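Novice: There's a structure below that I have some questions on.
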Amino acid sequence: MMSRLSRTATFVFLLFLTLGLSACTGSSSTSTGTLPPPVSATEGQQGAATLEPGDYVLAAGDKLRINVFRHEDLSGEFELDGRGNFSMPLIGQVAANGLTSTELEQRIADKLKDGYLVDPQVSIEVLTYRPFYILGEVNSPGSYEYSNGMTVLNGVALAGGFTYRANQEDITVQRGGSNAPKVSVPVTTKIAPGDIVEIGERFF
């Protein structure tokens with residue numbers, strides 16, 4: 001009786017030992033690279049880049065409404081010349097190119113404080129934005145008036161739509177002038193005044 005129990009216990013022990021070795025072998029093969037390595041969140045994704053909107057900066061062609069509180073004689077509408085400058089009563093020429101509206105308000109206030117007004121309050125509204133440009137495979141390339149919230153697709157519509165050669169997956173935007181880098185974008189990208197949008201050609 002004891003001999004039979006002993007043989008049964010030995011068999012069970014050997015069975016568990018065999019199963020344990022098999023599990024270790026499987027674990028070892030996994031750690032040596034039989035499974036593909038993990039893929040990073042961005043690997044293999046080559047979606048078009050987007051241009052992050054920033055604070056609007058003023059440049060040549062923008063038309064402004066400037067209000068100096070309680071001084072109608074100093075307030076009015078002004079258009080930035082080719083260098084981004086304009087002239088105001090009392091303070092003369094003001095350089096606005098590259099400034100935000102808030103920065104220009106402060107610049108005007110500082111000039112007015114210098115011997116003219118005590119604690120001047122200045123506010124600025126952009127009445128007309130400089131145009132944007134759309135080139136390449138559209139039916140009527142050229143410059144177009146900008147409106148708030150415009151996308152590339154809105155710009156294409158203003159330019160008469162895509163030509164039959166247009167590659168809608170090959171769209172670039174230059175922001176900051178013709179020397180700025182070209183950034184690939186989708187048609188849903190919001191554009192800004194002064195942007196240069198170019199629609200690429202599809203090769204058959």
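Letters A, B, ... go to the chains of the structure tokens in the order shown; residues in each chain start at 1; ligands are counted from 1 in the same order.
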Within 7 Å of range 117-125 of chain A, counting only C-alpha atoms, which residues qualify if same-chain residues fewer than 2 places away don't, as a VMD selection string?
Specialist: chain A and resid 64 to 69 101 105 109 112 to 113 115 127
Novice: Would you export the selected residues with N, CA, C and O atoms as a CSV table (one decimal), in the first residue's frame, please?
Specialist:
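Output (result.csv):
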chain,number,residue,atom,x,y,z
A,64,LEU,N,-6.5,99.9,-39.2
A,64,LEU,CA,-6.8,99.9,-37.8
A,64,LEU,C,-7.8,101.0,-37.4
A,64,LEU,O,-7.8,102.1,-38.0
A,65,ARG,N,-8.5,100.8,-36.4
A,65,ARG,CA,-9.3,101.8,-35.7
A,65,ARG,C,-8.7,102.0,-34.4
A,65,ARG,O,-8.7,101.1,-33.5
A,66,ILE,N,-8.2,103.2,-34.1
A,66,ILE,CA,-7.5,103.5,-32.9
A,66,ILE,C,-8.3,104.6,-32.1
A,66,ILE,O,-8.7,105.6,-32.6
A,67,ASN,N,-8.7,104.2,-30.9
A,67,ASN,CA,-9.4,105.1,-30.0
A,67,ASN,C,-8.6,105.5,-28.8
A,67,ASN,O,-8.0,104.7,-28.1
A,68,VAL,N,-8.5,106.8,-28.7
A,68,VAL,CA,-7.8,107.4,-27.5
A,68,VAL,C,-9.0,108.0,-26.6
A,68,VAL,O,-9.6,109.0,-27.0
A,69,PHE,N,-9.2,107.4,-25.5
A,69,PHE,CA,-10.4,107.7,-24.6
A,69,PHE,C,-10.4,109.2,-24.3
A,69,PHE,O,-9.4,109.8,-23.9
A,101,SER,N,-1.8,93.8,-31.2
A,101,SER,CA,-2.7,95.0,-31.0
A,101,SER,C,-2.4,95.5,-29.5
A,101,SER,O,-2.3,96.8,-29.3
A,105,GLU,N,-1.0,99.2,-28.6
A,105,GLU,CA,-1.7,100.1,-27.6
A,105,GLU,C,-0.7,100.7,-26.6
A,105,GLU,O,-0.8,101.9,-26.3
A,109,ALA,N,0.4,104.6,-26.1
A,109,ALA,CA,0.2,105.2,-24.8
A,109,ALA,C,1.5,105.8,-24.2
A,109,ALA,O,1.5,106.9,-23.7
A,112,LEU,N,2.2,109.0,-26.0
A,112,LEU,CA,1.3,110.1,-25.6
A,112,LEU,C,1.7,110.6,-24.2
A,112,LEU,O,1.4,111.8,-23.9
A,113,LYS,N,2.2,109.7,-23.3
A,113,LYS,CA,2.6,110.1,-22.0
A,113,LYS,C,3.8,111.1,-22.0
A,113,LYS,O,4.0,111.8,-21.1
A,115,GLY,N,4.9,113.9,-22.6
A,115,GLY,CA,4.7,115.3,-22.8
A,115,GLY,C,3.4,115.7,-23.3
A,115,GLY,O,3.2,116.9,-23.6
A,127,LEU,N,-9.6,96.7,-38.5
A,127,LEU,CA,-10.8,96.8,-39.3
A,127,LEU,C,-10.7,95.9,-40.6
A,127,LEU,O,-11.6,95.2,-41.0
Novice: Considering only C-alpha atoms, return as a list in words whatever protein or nucleic-acid residues lie within 12 Å of Asn148 in chain A, sequence-local ones (same chain, fewer than 3 positions apart) excluded.
Specialist: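 Counting only C-alpha atoms, the residues come to Tyr56, Val126, Leu127, Thr128, Tyr129, Arg130, Pro131, Phe132, Glu145, Thr151, Asn154, Gly155, Lys190, Ile191, Ala192 and Pro193 of chain A.
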Novice: So the first atom is CA of Ile134 in chain A and the second is CA of Tyr164 in chain A; what is the distance between them in Å, to one decimal place?
Specialist: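 Pair CA of Ile134 in chain A / CA of Tyr164 in chain A returns 16.4 Å.
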Novice: Quick one: residues within 9 Å of Leu135 in chain A, only C-alpha atoms, excluding same-chain residues fewer than 3 positions away - as an MDAnalysis selection string?
Specialist: chainID A and resid 138 140:143 159 196:200
Novice: In Å, how far is it from CA of Val152 in chain A to CA of Pro186 in chain A?
Specialist: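 CA of Pro186 in chain A lies 7.8 Å from CA of Val152 in chain A.
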Novice: Write out as a PDB file with N, CA and C atoms, in the first residue's frame all residues of range 84-193 of chain A that backbone DSSP assigns to helix (DSSP H, G or I).
Specialist:
ATOM      1  N   SER A 101      -1.840  93.836 -31.248  1.00  0.00           N
ATOM      2  CA  SER A 101      -2.655  95.021 -30.954  1.00  0.00           C
ATOM      3  C   SER A 101      -2.374  95.545 -29.543  1.00  0.00           C
ATOM      4  N   THR A 102      -2.219  94.637 -28.602  1.00  0.00           N
ATOM      5  CA  THR A 102      -1.955  95.040 -27.211  1.00  0.00           C
ATOM      6  C   THR A 102      -0.618  95.767 -27.098  1.00  0.00           C
ATOM      7  N   GLU A 103       0.389  95.241 -27.793  1.00  0.00           N
ATOM      8  CA  GLU A 103       1.711  95.888 -27.758  1.00  0.00           C
ATOM      9  C   GLU A 103       1.674  97.263 -28.404  1.00  0.00           C
ATOM     10  N   LEU A 104       0.891  97.399 -29.489  1.00  0.00           N
ATOM     11  CA  LEU A 104       0.782  98.702 -30.139  1.00  0.00           C
ATOM     12  C   LEU A 104       0.028  99.691 -29.252  1.00  0.00           C
ATOM     13  N   GLU A 105      -1.004  99.233 -28.559  1.00  0.00           N
ATOM     14  CA  GLU A 105      -1.716 100.109 -27.622  1.00  0.00           C
ATOM     15  C   GLU A 105      -0.745 100.694 -26.592  1.00  0.00           C
ATOM     16  N   GLN A 106       0.122  99.829 -26.066  1.00  0.00           N
ATOM     17  CA  GLN A 106       1.085 100.282 -25.062  1.00  0.00           C
ATOM     18  C   GLN A 106       2.097 101.246 -25.669  1.00  0.00           C
ATOM     19  N   ARG A 107       2.524 100.985 -26.905  1.00  0.00           N
ATOM     20  CA  ARG A 107       3.504 101.865 -27.553  1.00  0.00           C
ATOM     21  C   ARG A 107       2.911 103.257 -27.764  1.00  0.00           C
ATOM     22  N   ILE A 108       1.661 103.312 -28.225  1.00  0.00           N
ATOM     23  CA  ILE A 108       1.010 104.608 -28.441  1.00  0.00           C
ATOM     24  C   ILE A 108       0.821 105.341 -27.113  1.00  0.00           C
ATOM     25  N   ALA A 109       0.381 104.608 -26.086  1.00  0.00           N
ATOM     26  CA  ALA A 109       0.176 105.221 -24.766  1.00  0.00           C
ATOM     27  C   ALA A 109       1.485 105.804 -24.233  1.00  0.00           C
ATOM     28  N   ASP A 110       2.583 105.067 -24.402  1.00  0.00           N
ATOM     29  CA  ASP A 110       3.889 105.561 -23.929  1.00  0.00           C
ATOM     30  C   ASP A 110       4.287 106.844 -24.652  1.00  0.00           C
ATOM     31  N   LYS A 111       4.024 106.905 -25.958  1.00  0.00           N
ATOM     32  CA  LYS A 111       4.370 108.108 -26.721  1.00  0.00           C
ATOM     33  C   LYS A 111       3.507 109.297 -26.283  1.00  0.00           C
ATOM     34  N   LEU A 112       2.222 109.035 -26.025  1.00  0.00           N
ATOM     35  CA  LEU A 112       1.328 110.110 -25.596  1.00  0.00           C
ATOM     36  C   LEU A 112       1.664 110.608 -24.185  1.00  0.00           C
ATOM     37  N   LYS A 113       2.168 109.715 -23.347  1.00  0.00           N
ATOM     38  CA  LYS A 113       2.571 110.118 -22.000  1.00  0.00           C
ATOM     39  C   LYS A 113       3.775 111.053 -22.019  1.00  0.00           C
ATOM     40  N   VAL A 152      -8.010  76.618 -45.127  1.00  0.00           N
ATOM     41  CA  VAL A 152      -7.459  76.434 -46.468  1.00  0.00           C
ATOM     42  C   VAL A 152      -8.562  76.159 -47.478  1.00  0.00           C
ATOM     43  N   LEU A 153      -9.534  75.348 -47.076  1.00  0.00           N
ATOM     44  CA  LEU A 153     -10.626  75.002 -47.991  1.00  0.00           C
ATOM     45  C   LEU A 153     -11.450  76.239 -48.357  1.00  0.00           C
ATOM     46  N   ASN A 154     -11.664  77.143 -47.400  1.00  0.00           N
ATOM     47  CA  ASN A 154     -12.355  78.396 -47.704  1.00  0.00           C
ATOM     48  C   ASN A 154     -11.570  79.205 -48.729  1.00  0.00           C
ATOM     49  N   GLY A 155     -10.252  79.229 -48.554  1.00  0.00           N
ATOM     50  CA  GLY A 155      -9.401  79.957 -49.488  1.00  0.00           C
ATOM     51  C   GLY A 155      -9.457  79.371 -50.889  1.00  0.00           C
ATOM     52  N   VAL A 156      -9.460  78.044 -50.968  1.00  0.00           N
ATOM     53  CA  VAL A 156      -9.563  77.378 -52.268  1.00  0.00           C
ATOM     54  C   VAL A 156     -10.885  77.744 -52.940  1.00  0.00           C
ATOM     55  N   ALA A 157     -11.954  77.796 -52.169  1.00  0.00           N
ATOM     56  CA  ALA A 157     -13.260  78.153 -52.731  1.00  0.00           C
ATOM     57  C   ALA A 157     -13.236  79.569 -53.305  1.00  0.00           C
ATOM     58  N   LEU A 158     -12.605  80.521 -52.579  1.00  0.00           N
ATOM     59  CA  LEU A 158     -12.490  81.885 -53.091  1.00  0.00           C
ATOM     60  C   LEU A 158     -11.695  81.919 -54.392  1.00  0.00           C
TER      61      LEU A 158
END
Novice: Could you tell me which of A:Tyr133, A:Val57, A:Gly84, A:Tyr146 comes closest to Leu99 in chain A if we count only C-alpha atoms?
Specialist: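 So, comparing all the options, the nearest one is A:Val57.
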Novice: Give the answer as one residue: which of A:Lys63, A:Gly98, A:Arg202, A:Gly194 has the shortest atom-to-atom distance to Gln174 in chain A, using only C-alpha atoms?
Specialist: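 Closest residue, counting only C-alpha atoms: A:Gly194.
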Novice: Closest to Ile91 in chain A among A:Leu74, A:Val173, A:Leu58, A:Val183, using only C-alpha atoms?
Specialist: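 Using only C-alpha atoms, Ile91 in chain A sits closest to A:Leu74.
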Novice: Which of range 82-170 of chain A counts as strand (DSSP E) under DSSP, as a list in words please?
Specialist: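 Output for range 82-170 of chain A, strand (DSSP E) only: Asn85, Phe86, Ser87, Met88, Gly92, Gln93, Val94, Ala95, Val122, Ser123, Ile124, Glu125, Val126, Leu127, Thr128, Phe132, Tyr133, Ile134, Leu135, Gly136, Gly142, Ser143, Tyr144, Ala166, Asn167, Gln168, Glu169 and Asp170 of chain A.
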Novice: Show which residues sit within 10 Å of Asp73 in chain A, as a list in words. Count only C-alpha atoms, and ignore same-chain residues fewer than 6 positions away.
Specialist: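 So the residues in contact are Asn67, Met88, Pro89 and Leu90 of chain A.
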